[in-house]
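This is target00.cif (mmCIF, C-alpha atoms and all ligand atoms).
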data_run
loop_
_atom_site.label_atom_id
_atom_site.label_comp_id
_atom_site.auth_asym_id
_atom_site.auth_seq_id
_atom_site.Cartn_x
_atom_site.Cartn_y
_atom_site.Cartn_z
CA MET L 907 21.79 -14.80 22.76
CA ASP L 908 20.64 -11.44 21.38
CA SER L 909 17.34 -11.53 19.52
CA CYS L 910 16.81 -10.40 15.96
CA LEU L 911 13.89 -8.43 14.51
CA THR L 912 13.26 -8.72 10.77
CA ILE L 913 11.39 -5.78 9.27
CA ALA L 914 9.97 -5.80 5.72
CA LEU L 915 10.06 -2.43 3.97
CA SER L 916 8.09 -1.57 0.80
CA LYS L 917 10.36 -0.40 -1.97
CA GLY L 918 9.16 2.45 -4.21
CA THR L 919 7.18 5.49 -3.04
CA LEU L 920 6.95 4.38 0.59
CA LEU L 921 10.64 3.64 1.16
CA LYS L 922 11.87 7.19 1.80
CA PRO L 923 9.21 8.27 4.33
CA THR L 924 9.52 4.90 6.07
CA VAL L 925 13.30 5.27 6.46
CA GLU L 926 12.75 8.83 7.74
CA LEU L 927 10.36 7.49 10.36
CA LEU L 928 12.81 4.76 11.41
CA GLU L 929 15.59 7.35 11.72
CA GLN L 930 13.38 9.50 13.95
CA ALA L 931 12.76 6.43 16.10
CA ASN L 932 16.57 6.09 16.41
CA LEU L 933 16.67 2.81 14.56
CA PRO L 934 19.78 2.16 12.52
CA CYS L 935 19.08 2.34 8.79
CA ALA L 936 22.17 3.82 7.16
CA GLY L 937 22.48 3.03 3.47
CA ILE L 938 18.84 2.08 2.82
CA THR L 939 18.01 4.15 -0.24
CA ALA L 940 15.70 3.81 -3.21
CA ASP L 941 18.57 3.29 -5.64
CA SER L 942 20.31 0.54 -3.67
CA ARG L 943 20.14 -2.93 -5.22
CA ASN L 944 20.77 -4.55 -1.85
CA MET L 945 17.70 -6.37 -0.49
CA VAL L 946 18.91 -7.16 3.04
CA PHE L 947 20.42 -4.71 5.52
CA SER L 948 21.57 -5.97 8.93
CA PHE L 949 22.52 -3.90 11.96
CA THR L 950 24.04 -5.45 15.06
CA GLY L 951 22.64 -4.45 18.45
CA ASP L 952 20.10 -5.68 20.93
CA PRO L 953 17.88 -6.46 19.23
CA GLU L 954 19.76 -7.02 16.01
CA ILE L 955 17.70 -5.38 13.26
CA ARG L 956 17.48 -6.86 9.79
CA TYR L 957 15.55 -5.04 7.06
CA ILE L 958 14.37 -6.73 3.89
CA ILE L 959 13.31 -4.62 0.90
CA CYS L 960 10.27 -6.07 -0.90
CA ARG L 961 7.75 -5.13 -3.53
CA PRO L 962 4.85 -3.50 -1.64
CA THR L 963 2.53 -6.32 -2.67
CA ASP L 964 4.91 -8.92 -1.22
CA VAL L 965 5.25 -7.40 2.27
CA PRO L 966 2.06 -9.08 3.65
CA ALA L 967 3.27 -12.54 2.56
CA TYR L 968 6.65 -12.12 4.33
CA VAL L 969 4.92 -10.95 7.52
CA GLU L 970 2.03 -13.44 7.49
CA HIS L 971 4.41 -16.38 7.15
CA GLY L 972 6.83 -15.05 9.76
CA ALA L 973 9.75 -14.50 7.34
CA ALA L 974 9.52 -10.93 8.68
CA ASP L 975 8.30 -9.98 12.16
CA LEU L 976 7.14 -6.50 11.16
CA GLY L 977 6.25 -4.77 7.90
CA PHE L 978 5.51 -1.32 6.50
CA VAL L 979 2.83 -1.48 3.82
CA GLY L 980 -0.10 0.48 2.39
CA LYS L 981 -3.63 -0.17 3.60
CA ASP L 982 -4.56 -0.54 -0.09
CA VAL L 983 -2.42 -3.69 -0.31
CA ILE L 984 -3.68 -4.98 3.06
CA VAL L 985 -7.37 -4.73 2.13
CA GLU L 986 -6.81 -6.20 -1.31
CA GLN L 987 -4.97 -9.25 0.00
CA GLY L 988 -6.89 -9.84 3.23
CA LYS L 989 -3.94 -11.70 4.79
CA ASP L 990 -3.81 -12.54 8.48
CA LEU L 991 -1.71 -9.68 9.88
CA PHE L 992 -1.76 -7.72 13.10
CA GLU L 993 -2.24 -4.09 12.03
CA MET L 994 -0.64 -1.98 14.74
CA VAL L 995 -0.16 1.65 13.70
CA ASP L 996 -1.67 3.95 11.08
CA LEU L 997 1.44 5.87 10.04
CA LYS L 998 -0.53 8.55 8.15
CA TYR L 999 1.90 8.95 5.24
CA GLY L 1000 1.60 7.39 1.76
CA TYR L 1001 -1.92 8.74 1.39
CA CYS L 1002 -3.93 7.62 -1.60
CA ARG L 1003 -7.49 6.48 -2.18
CA PHE L 1004 -9.31 3.87 -4.22
CA VAL L 1005 -11.58 5.41 -6.83
CA VAL L 1006 -13.94 4.35 -9.57
CA ALA L 1007 -13.05 6.39 -12.67
CA VAL L 1008 -14.47 6.65 -16.17
CA PRO L 1009 -13.63 8.49 -19.41
CA ALA L 1010 -14.44 12.23 -19.12
CA GLU L 1011 -17.31 11.91 -21.60
CA ASP L 1012 -19.04 9.56 -19.11
CA LYS L 1013 -18.68 11.95 -16.17
CA ASP L 1014 -22.48 12.21 -15.69
CA LEU L 1015 -22.97 8.45 -15.25
CA LYS L 1016 -24.44 7.34 -11.94
CA LEU L 1017 -23.03 4.35 -10.07
CA GLN L 1018 -26.08 2.28 -11.06
CA ASP L 1019 -25.24 2.88 -14.74
CA LEU L 1020 -22.13 0.74 -14.30
CA ASN L 1021 -24.10 -2.51 -14.13
CA TYR L 1022 -22.63 -5.11 -16.54
CA LYS L 1023 -19.70 -2.84 -17.41
CA ARG L 1024 -16.08 -4.01 -17.74
CA VAL L 1025 -13.81 -2.82 -14.95
CA ALA L 1026 -10.00 -2.86 -15.26
CA THR L 1027 -8.03 -2.87 -12.02
CA LYS L 1028 -4.92 -3.97 -10.14
CA PHE L 1029 -7.21 -4.50 -7.12
CA PRO L 1030 -9.77 -7.15 -8.17
CA ALA L 1031 -10.89 -8.05 -4.64
CA VAL L 1032 -11.55 -4.42 -3.66
CA ALA L 1033 -13.38 -3.77 -6.93
CA GLU L 1034 -15.45 -6.95 -6.72
CA ARG L 1035 -16.47 -6.24 -3.12
CA PHE L 1036 -17.37 -2.63 -3.89
CA PHE L 1037 -19.61 -3.42 -6.86
CA ARG L 1038 -21.23 -6.40 -5.14
CA ALA L 1039 -21.98 -4.29 -2.05
CA ASN L 1040 -23.73 -1.81 -4.35
CA GLY L 1041 -25.79 -4.56 -6.00
CA LEU L 1042 -23.94 -4.28 -9.32
CA GLN L 1043 -22.66 -7.06 -11.52
CA VAL L 1044 -19.50 -6.19 -13.42
CA GLU L 1045 -16.78 -8.00 -15.34
CA ILE L 1046 -13.44 -7.51 -13.61
CA ILE L 1047 -10.34 -7.44 -15.81
CA THR L 1048 -7.17 -7.76 -13.72
CA LEU L 1049 -4.13 -5.85 -14.95
CA HIS L 1050 -0.76 -5.22 -13.31
CA GLY L 1051 -0.14 -1.54 -13.99
CA ASN L 1052 -0.93 1.47 -16.22
CA ILE L 1053 -4.61 0.84 -15.52
CA GLU L 1054 -5.58 4.17 -17.12
CA LEU L 1055 -4.67 2.68 -20.49
CA ALA L 1056 -7.53 0.17 -20.43
CA PRO L 1057 -10.44 2.58 -21.12
CA LEU L 1058 -8.34 4.52 -23.62
CA MET L 1059 -7.91 1.33 -25.65
CA GLY L 1060 -11.50 0.08 -25.20
CA LEU L 1061 -10.38 -2.81 -22.96
CA SER L 1062 -12.68 -1.60 -20.18
CA ASP L 1063 -15.44 0.98 -19.57
CA VAL L 1064 -14.38 1.75 -16.03
CA ILE L 1065 -11.29 1.50 -13.82
CA VAL L 1066 -10.79 1.01 -10.10
CA ASP L 1067 -7.38 2.37 -9.14
CA ILE L 1068 -5.52 4.33 -6.52
CA VAL L 1069 -5.24 8.07 -6.90
CA SER L 1070 -3.20 10.55 -4.90
CA SER L 1071 -2.56 13.80 -6.79
CA GLY L 1072 -5.13 12.98 -9.49
CA ARG L 1073 -2.60 13.87 -12.17
CA THR L 1074 -2.58 10.47 -13.90
CA LEU L 1075 -6.39 10.44 -14.24
CA LYS L 1076 -6.38 13.97 -15.62
CA GLU L 1077 -3.60 13.36 -18.11
CA ASN L 1078 -5.48 10.35 -19.45
CA ASN L 1079 -8.80 12.18 -19.73
CA LEU L 1080 -10.48 10.19 -16.97
CA VAL L 1081 -12.64 11.48 -14.13
CA GLU L 1082 -13.36 10.15 -10.66
CA LEU L 1083 -16.95 8.97 -10.25
CA VAL L 1084 -16.85 7.58 -6.72
CA SER L 1085 -14.26 7.35 -3.95
CA ILE L 1086 -14.21 3.88 -2.37
CA MET L 1087 -11.81 4.25 0.56
CA ASP L 1088 -8.69 6.07 1.76
CA SER L 1089 -5.34 4.40 2.31
CA THR L 1090 -2.22 5.25 4.32
CA THR L 1091 0.82 3.24 5.32
CA ARG L 1092 0.47 0.79 8.22
CA LEU L 1093 2.91 -0.93 10.56
CA VAL L 1094 1.90 -4.59 10.66
CA ALA L 1095 3.20 -7.53 12.68
CA ASN L 1096 3.26 -11.27 12.43
CA ARG L 1097 0.82 -12.52 15.08
CA VAL L 1098 3.22 -15.07 16.59
CA SER L 1099 6.18 -12.64 16.60
CA TYR L 1100 4.03 -10.09 18.37
CA ARG L 1101 3.74 -12.51 21.29
CA THR L 1102 7.16 -14.18 21.23
CA LYS L 1103 9.14 -10.97 20.55
CA HIS L 1104 6.88 -8.66 22.51
CA GLN L 1105 9.81 -7.22 24.49
CA GLU L 1106 11.55 -6.10 21.31
CA ILE L 1107 8.47 -5.08 19.34
CA GLN L 1108 6.48 -3.14 21.93
CA PRO L 1109 9.02 -0.35 22.64
CA LEU L 1110 9.46 0.15 18.91
CA VAL L 1111 5.71 0.39 18.36
CA GLU L 1112 5.36 2.88 21.21
CA LYS L 1113 8.16 5.08 19.81
CA ILE L 1114 6.59 5.06 16.37
CA GLN L 1115 3.14 5.85 17.82
CA MET L 1116 4.64 8.82 19.67
CA ILE L 1117 6.30 10.17 16.53
CA VAL L 1118 3.11 9.81 14.48
CA LYS L 1119 0.99 11.43 17.20
CA GLY L 1120 3.50 14.25 17.51
CA GLY L 1121 2.82 15.08 13.89
CA ILE L 1122 6.53 14.89 13.07
CA ILE L 1123 5.83 12.68 10.06
CA THR L 1124 3.29 13.90 7.50
N1 LIG O 1 0.01 7.86 -6.20
C1 LIG O 1 0.33 6.67 -5.73
N2 LIG O 1 0.50 5.69 -6.60
C2 LIG O 1 0.86 4.47 -6.17
N3 LIG O 1 1.02 4.13 -4.88
C3 LIG O 1 0.86 5.08 -3.99
C4 LIG O 1 0.51 6.40 -4.37
N4 LIG O 1 0.44 7.12 -3.28
C5 LIG O 1 0.72 6.31 -2.26
N5 LIG O 1 0.96 5.05 -2.68
C6 LIG O 1 1.33 3.91 -1.82
O1 LIG O 1 2.53 3.34 -2.34
C7 LIG O 1 2.37 1.94 -2.61
C8 LIG O 1 3.02 1.54 -3.90
O2 LIG O 1 4.17 2.25 -4.14
P1 LIG O 1 4.85 2.21 -5.58
O3 LIG O 1 3.82 2.36 -6.64
O4 LIG O 1 5.98 3.15 -5.56
O5 LIG O 1 5.39 0.75 -5.60
P2 LIG O 1 6.15 -0.01 -6.74
O6 LIG O 1 7.57 -0.18 -6.32
O7 LIG O 1 5.84 0.63 -8.05
O8 LIG O 1 5.41 -1.38 -6.58
P3 LIG O 1 5.13 -2.49 -7.62
O9 LIG O 1 6.39 -2.62 -8.44
O10 LIG O 1 4.82 -3.70 -6.78
O11 LIG O 1 3.93 -1.98 -8.38
C9 LIG O 1 0.89 1.70 -2.68
O12 LIG O 1 0.58 0.40 -2.24
C10 LIG O 1 0.29 2.79 -1.80
O13 LIG O 1 0.15 2.31 -0.49
O1 LIG O 2 -2.99 10.39 -8.68
P1 LIG O 2 -1.56 10.23 -9.03
O2 LIG O 2 -0.65 10.98 -8.11
O3 LIG O 2 -1.28 10.58 -10.47
O4 LIG O 2 -1.14 8.71 -8.80
C1 LIG O 2 -1.93 7.67 -9.32
C2 LIG O 2 -1.14 6.73 -10.17
O5 LIG O 2 -0.13 6.09 -9.41
C3 LIG O 2 -0.35 4.67 -9.43
O6 LIG O 2 0.41 4.07 -10.40
P2 LIG O 2 1.90 3.60 -10.14
O7 LIG O 2 2.81 4.77 -10.18
O8 LIG O 2 1.96 2.76 -8.91
O9 LIG O 2 2.17 2.74 -11.42
P3 LIG O 2 1.34 1.54 -12.05
O10 LIG O 2 0.32 2.17 -12.95
O11 LIG O 2 2.35 0.78 -12.81
O12 LIG O 2 0.70 0.75 -10.95
C4 LIG O 2 -1.81 4.52 -9.75
O13 LIG O 2 -2.07 3.25 -10.29
C5 LIG O 2 -2.06 5.65 -10.70
O14 LIG O 2 -1.69 5.28 -12.01
#

Give the structure from the file, written as structure tokens.
Ligand SMILES: Nc1ncnc2c1ncn2[C@@H]1O[C@H](COP(=O)(O)OP(=O)(O)OP(=O)(O)O)[C@@H](O)[C@H]1O
Ligand SMILES: O=P(O)(O)OC[C@H]1O[C@H](OP(=O)(O)OP(=O)(O)O)[C@H](O)[C@@H]1O
Amino acid sequence: MDSCLTIALSKGTLLKPTVELLEQANLPCAGITADSRNMVFSFTGDPEIRYIICRPTDVPAYVEHGAADLGFVGKDVIVEQGKDLFEMVDLKYGYCRFVVAVPAEDKDLKLQDLNYKRVATKFPAVAERFFRANGLQVEIITLHGNIELAPLMGLSDVIVDIVSSGRTLKENNLVELVSIMDSTTRLVANRVSYRTKHQEIQPLVEKIQMIVKGGIIT
């Protein structure tokens, strides 16, 4: 019986560069586009490849529980969730970074001035860890998007969010105070699949490593 590899892809920003990478690795992925409503794409072969299209924040759950053998997901999501995944390759694309940002009029504040402030974020674990590591006590307000709105409306004094071009901060009159960490997309594996499907997974990982090292993907 031929084996099957299930691969979880993040929809949204990361989908296109991920499909480009898979194409370069000669994996079948015809028809996987951002505007498709289809969530499962299967391709016969040895191994049979089945892709599932998930919200980026759901990829770790599919992989940790073995519903997918492999996943493509941002380091930002991995560090926030802390799930038990085998992180195999830094794919280098999907760059962004976690920052602490404040309204422009507060641009001269020092990190220590943020003690007891209210912090809005989609990444409560990252924010909590960062402030605790710096000896600061803050109130974390968890939101699910449009984080930049919180200080504009007086909901928070500070935000912790991901930034790539910096355009969203600028357009909302916010400035970066501190950069917490960088993030890029990672190829992750379910720990059991990595052992039981090693023969199928390892050549794929090696091909992807070669492509990334060759600088073909940016
Ligand atoms: N400027 C950016 N903004 C958001 N995500 C970015 C950015 N740059 C790179 N990324 C990567 O893309 C991932 C999220 O992509 P995107 O925001 O398109 O997802 P989404 O489909 O909107 O997800 P969701 O609906 O779950 O919020 C992040 O986890 C991160 O790894
Ligand atoms: O620095 P930039 O290139 O402007 O990108 C940063 C923006 O992108 C992300 O939001 P996203 O598009 O994921 O939407 P969200 O606010 O709903 O999470 C992030 O939360 C910022 O708002």

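Those protein and nucleic acid residues that have any atom within 6 Å of ligand LIG 2 (chain O) are, using all atoms listed in the file, Gly1051, Asn1052, Ile1053, Asp1067, Ile1068, Val1069, Ser1070, Ser1071, Gly1072, Arg1073 and Thr1074 of chain L.
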
### Pick from L:Thr963, L:Thr912, L:Thr1090, L:Asn1079, whichever lies nearest to Phe1029 (chain L) using all atoms listed in the file
L:Thr963

### Task
Would you list the residues near (18.1, -6.2, 12.6) (no more than 12 Å away, in the coordinates of the file, using all atoms listed in the file) as a PyMOL selection string?
chain L and resi 908-914+933-935+946-958+974-976+1106-1107

Given the selection you just returned, output its residues as a file containing C-alpha atoms, formatted as a short mmCIF file (atom, residue, chain, number, x, y, z; two decimals), keeping the file's coordinate frame.
data_model
loop_
_atom_site.label_atom_id
_atom_site.label_comp_id
_atom_site.auth_asym_id
_atom_site.auth_seq_id
_atom_site.Cartn_x
_atom_site.Cartn_y
_atom_site.Cartn_z
CA ASP L 908 20.64 -11.44 21.38
CA SER L 909 17.34 -11.53 19.52
CA CYS L 910 16.81 -10.40 15.96
CA LEU L 911 13.89 -8.43 14.51
CA THR L 912 13.26 -8.72 10.77
CA ILE L 913 11.39 -5.78 9.27
CA ALA L 914 9.97 -5.80 5.72
CA LEU L 933 16.67 2.81 14.56
CA PRO L 934 19.78 2.16 12.52
CA CYS L 935 19.08 2.34 8.79
CA VAL L 946 18.91 -7.16 3.04
CA PHE L 947 20.42 -4.71 5.52
CA SER L 948 21.57 -5.97 8.93
CA PHE L 949 22.52 -3.90 11.96
CA THR L 950 24.04 -5.45 15.06
CA GLY L 951 22.64 -4.45 18.45
CA ASP L 952 20.10 -5.68 20.93
CA PRO L 953 17.88 -6.46 19.23
CA GLU L 954 19.76 -7.02 16.01
CA ILE L 955 17.70 -5.38 13.26
CA ARG L 956 17.48 -6.86 9.79
CA TYR L 957 15.55 -5.04 7.06
CA ILE L 958 14.37 -6.73 3.89
CA ALA L 974 9.52 -10.93 8.68
CA ASP L 975 8.30 -9.98 12.16
CA LEU L 976 7.14 -6.50 11.16
CA GLU L 1106 11.55 -6.10 21.31
CA ILE L 1107 8.47 -5.08 19.34
#

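With a cut-off of 6 Å and using only C-alpha atoms and all ligand atoms, the polymer residues contacting ligand LIG 1 (chain O) are L:Lys917, L:Gly918, L:Thr919, L:Leu920, L:Arg961, L:Pro962, L:Thr963, L:Gly980, L:Asp982, L:Val983, L:Gly1000, L:Tyr1001, L:Cys1002, L:Val1069, L:Ser1070, L:Thr1091.
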
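Separating CA of Glu1082 (chain L) from CA of Ala1007 (chain L) is a distance of 4.3 Å.
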
### Task
Pick out the residues sitting within 7 Å of Ala1026 (chain L), and hand them over as a list in words; count all atoms listed in the file, and ignore anything fewer than 4 positions along from it in its own chain.
Ile1046, Ile1047, Thr1048, Leu1049, Ile1053, Ala1056, Ser1062, Val1064, Ile1065 and Val1066 of chain L

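Checking L:Ile1086, L:Lys1013, L:Pro1109, L:Thr1027 one by one against Ala1039 (chain L), counting only C-alpha atoms, you find the shortest gap at L:Ile1086.
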
### Surrounding residues of region 923-930 of chain L excluding itself and chain neighbours under 2 positions, 10 Å, all atoms listed in the file, as a PyMOL selection string
chain L and resi 915-917+919-921+932-939+978-979+997+999-1000+1091+1093+1110+1113-1114+1117-1118+1122-1124

### Message
For a test of reading the model, state the distance in Å between CA of Val969 (chain L) and CA of Val1098 (chain L), rounded to one decimal.
### Response
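It comes out at 10.1 Å.
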
### Task
Dump as a list in words all residues having an atom at most 10 Å from (-2.5, -9.3, 4.7), computed in the file's coordinates with all atoms listed in the file.
Thr963, Asp964, Val965, Pro966, Ala967, Tyr968, Val969, Glu970, Val979, Lys981, Val983, Ile984, Val985, Glu986, Gln987, Gly988, Lys989, Asp990, Leu991, Phe992, Glu993, Val1094, Ala1095 and Asn1096 of chain L

### Query
Which is closest to Gly1041 (chain L) among L:Val1025, L:Leu1075, L:Leu1017, L:Leu1055, if we use all atoms listed in the file?
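Using all atoms listed in the file, the shortest distance to Gly1041 (chain L) belongs to L:Leu1017.
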
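Between CA of Leu1080 (chain L) and CA of Ala1010 (chain L) lies a distance of 4.9 Å.
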
### All residues 10 Å or closer to Tyr1022 (chain L), only C-alpha atoms, same chain fewer than 2 positions away omitted, as a count of residues only
11

### Task
Counting only C-alpha atoms, figure out which residue out of L:Pro1030, L:Gly1120, L:Pro1009, L:Gly972 gets nearest to Pro1057 (chain L).
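Between L:Pro1030, L:Gly1120, L:Pro1009, L:Gly972, the residue approaching Pro1057 (chain L) most closely is L:Pro1009.
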
Pull out region 1091-1109 of chain L, keep N, CA and C atoms, and write it as a tab-separated table (two decimals), in the first residue's frame.
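The resulting selection-v1.tsv:
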chain	number	residue	atom	x	y	z
L	1091	THR	N	8.90	31.83	8.24
L	1091	THR	CA	8.09	30.61	8.14
L	1091	THR	C	8.94	29.37	8.42
L	1092	ARG	N	8.36	28.40	9.09
L	1092	ARG	CA	9.07	27.15	9.42
L	1092	ARG	C	8.32	25.94	8.87
L	1093	LEU	N	9.11	24.92	8.51
L	1093	LEU	CA	8.53	23.61	8.20
L	1093	LEU	C	8.58	22.80	9.48
L	1094	VAL	N	7.41	22.37	9.94
L	1094	VAL	CA	7.35	21.60	11.20
L	1094	VAL	C	6.78	20.21	10.92
L	1095	ALA	N	7.09	19.29	11.81
L	1095	ALA	CA	6.60	17.90	11.64
L	1095	ALA	C	5.99	17.39	12.94
L	1096	ASN	N	5.07	16.49	12.78
L	1096	ASN	CA	4.57	15.73	13.92
L	1096	ASN	C	5.68	14.78	14.34
L	1097	ARG	N	5.92	14.69	15.66
L	1097	ARG	CA	7.08	13.91	16.13
L	1097	ARG	C	6.97	12.43	15.79
L	1098	VAL	N	5.76	11.88	15.87
L	1098	VAL	CA	5.58	10.45	15.58
L	1098	VAL	C	5.72	10.22	14.07
L	1099	SER	N	5.09	11.09	13.26
L	1099	SER	CA	5.19	10.95	11.79
L	1099	SER	C	6.65	11.01	11.36
L	1100	TYR	N	7.42	11.87	12.02
L	1100	TYR	CA	8.81	12.01	11.60
L	1100	TYR	C	9.54	10.67	11.70
L	1101	ARG	N	9.16	9.86	12.68
L	1101	ARG	CA	9.79	8.54	12.82
L	1101	ARG	C	9.13	7.52	11.90
L	1102	THR	N	7.78	7.47	11.94
L	1102	THR	CA	7.09	6.40	11.20
L	1102	THR	C	7.07	6.64	9.69
L	1103	LYS	N	7.16	7.90	9.27
L	1103	LYS	CA	7.14	8.20	7.82
L	1103	LYS	C	8.46	8.83	7.39
L	1104	HIS	N	9.51	8.44	8.09
L	1104	HIS	CA	10.83	9.02	7.83
L	1104	HIS	C	11.23	8.91	6.35
L	1105	GLN	N	10.94	7.77	5.76
L	1105	GLN	CA	11.33	7.52	4.35
L	1105	GLN	C	10.67	8.50	3.39
L	1106	GLU	N	9.46	8.93	3.72
L	1106	GLU	CA	8.76	9.88	2.86
L	1106	GLU	C	9.15	11.33	3.20
L	1107	ILE	N	9.33	11.57	4.50
L	1107	ILE	CA	9.56	12.95	4.95
L	1107	ILE	C	10.98	13.41	4.67
L	1108	GLN	N	11.95	12.55	4.93
L	1108	GLN	CA	13.35	13.00	4.87
L	1108	GLN	C	13.77	13.52	3.48
L	1109	PRO	N	13.44	12.83	2.38
L	1109	PRO	CA	13.84	13.38	1.07
L	1109	PRO	C	13.21	14.74	0.79
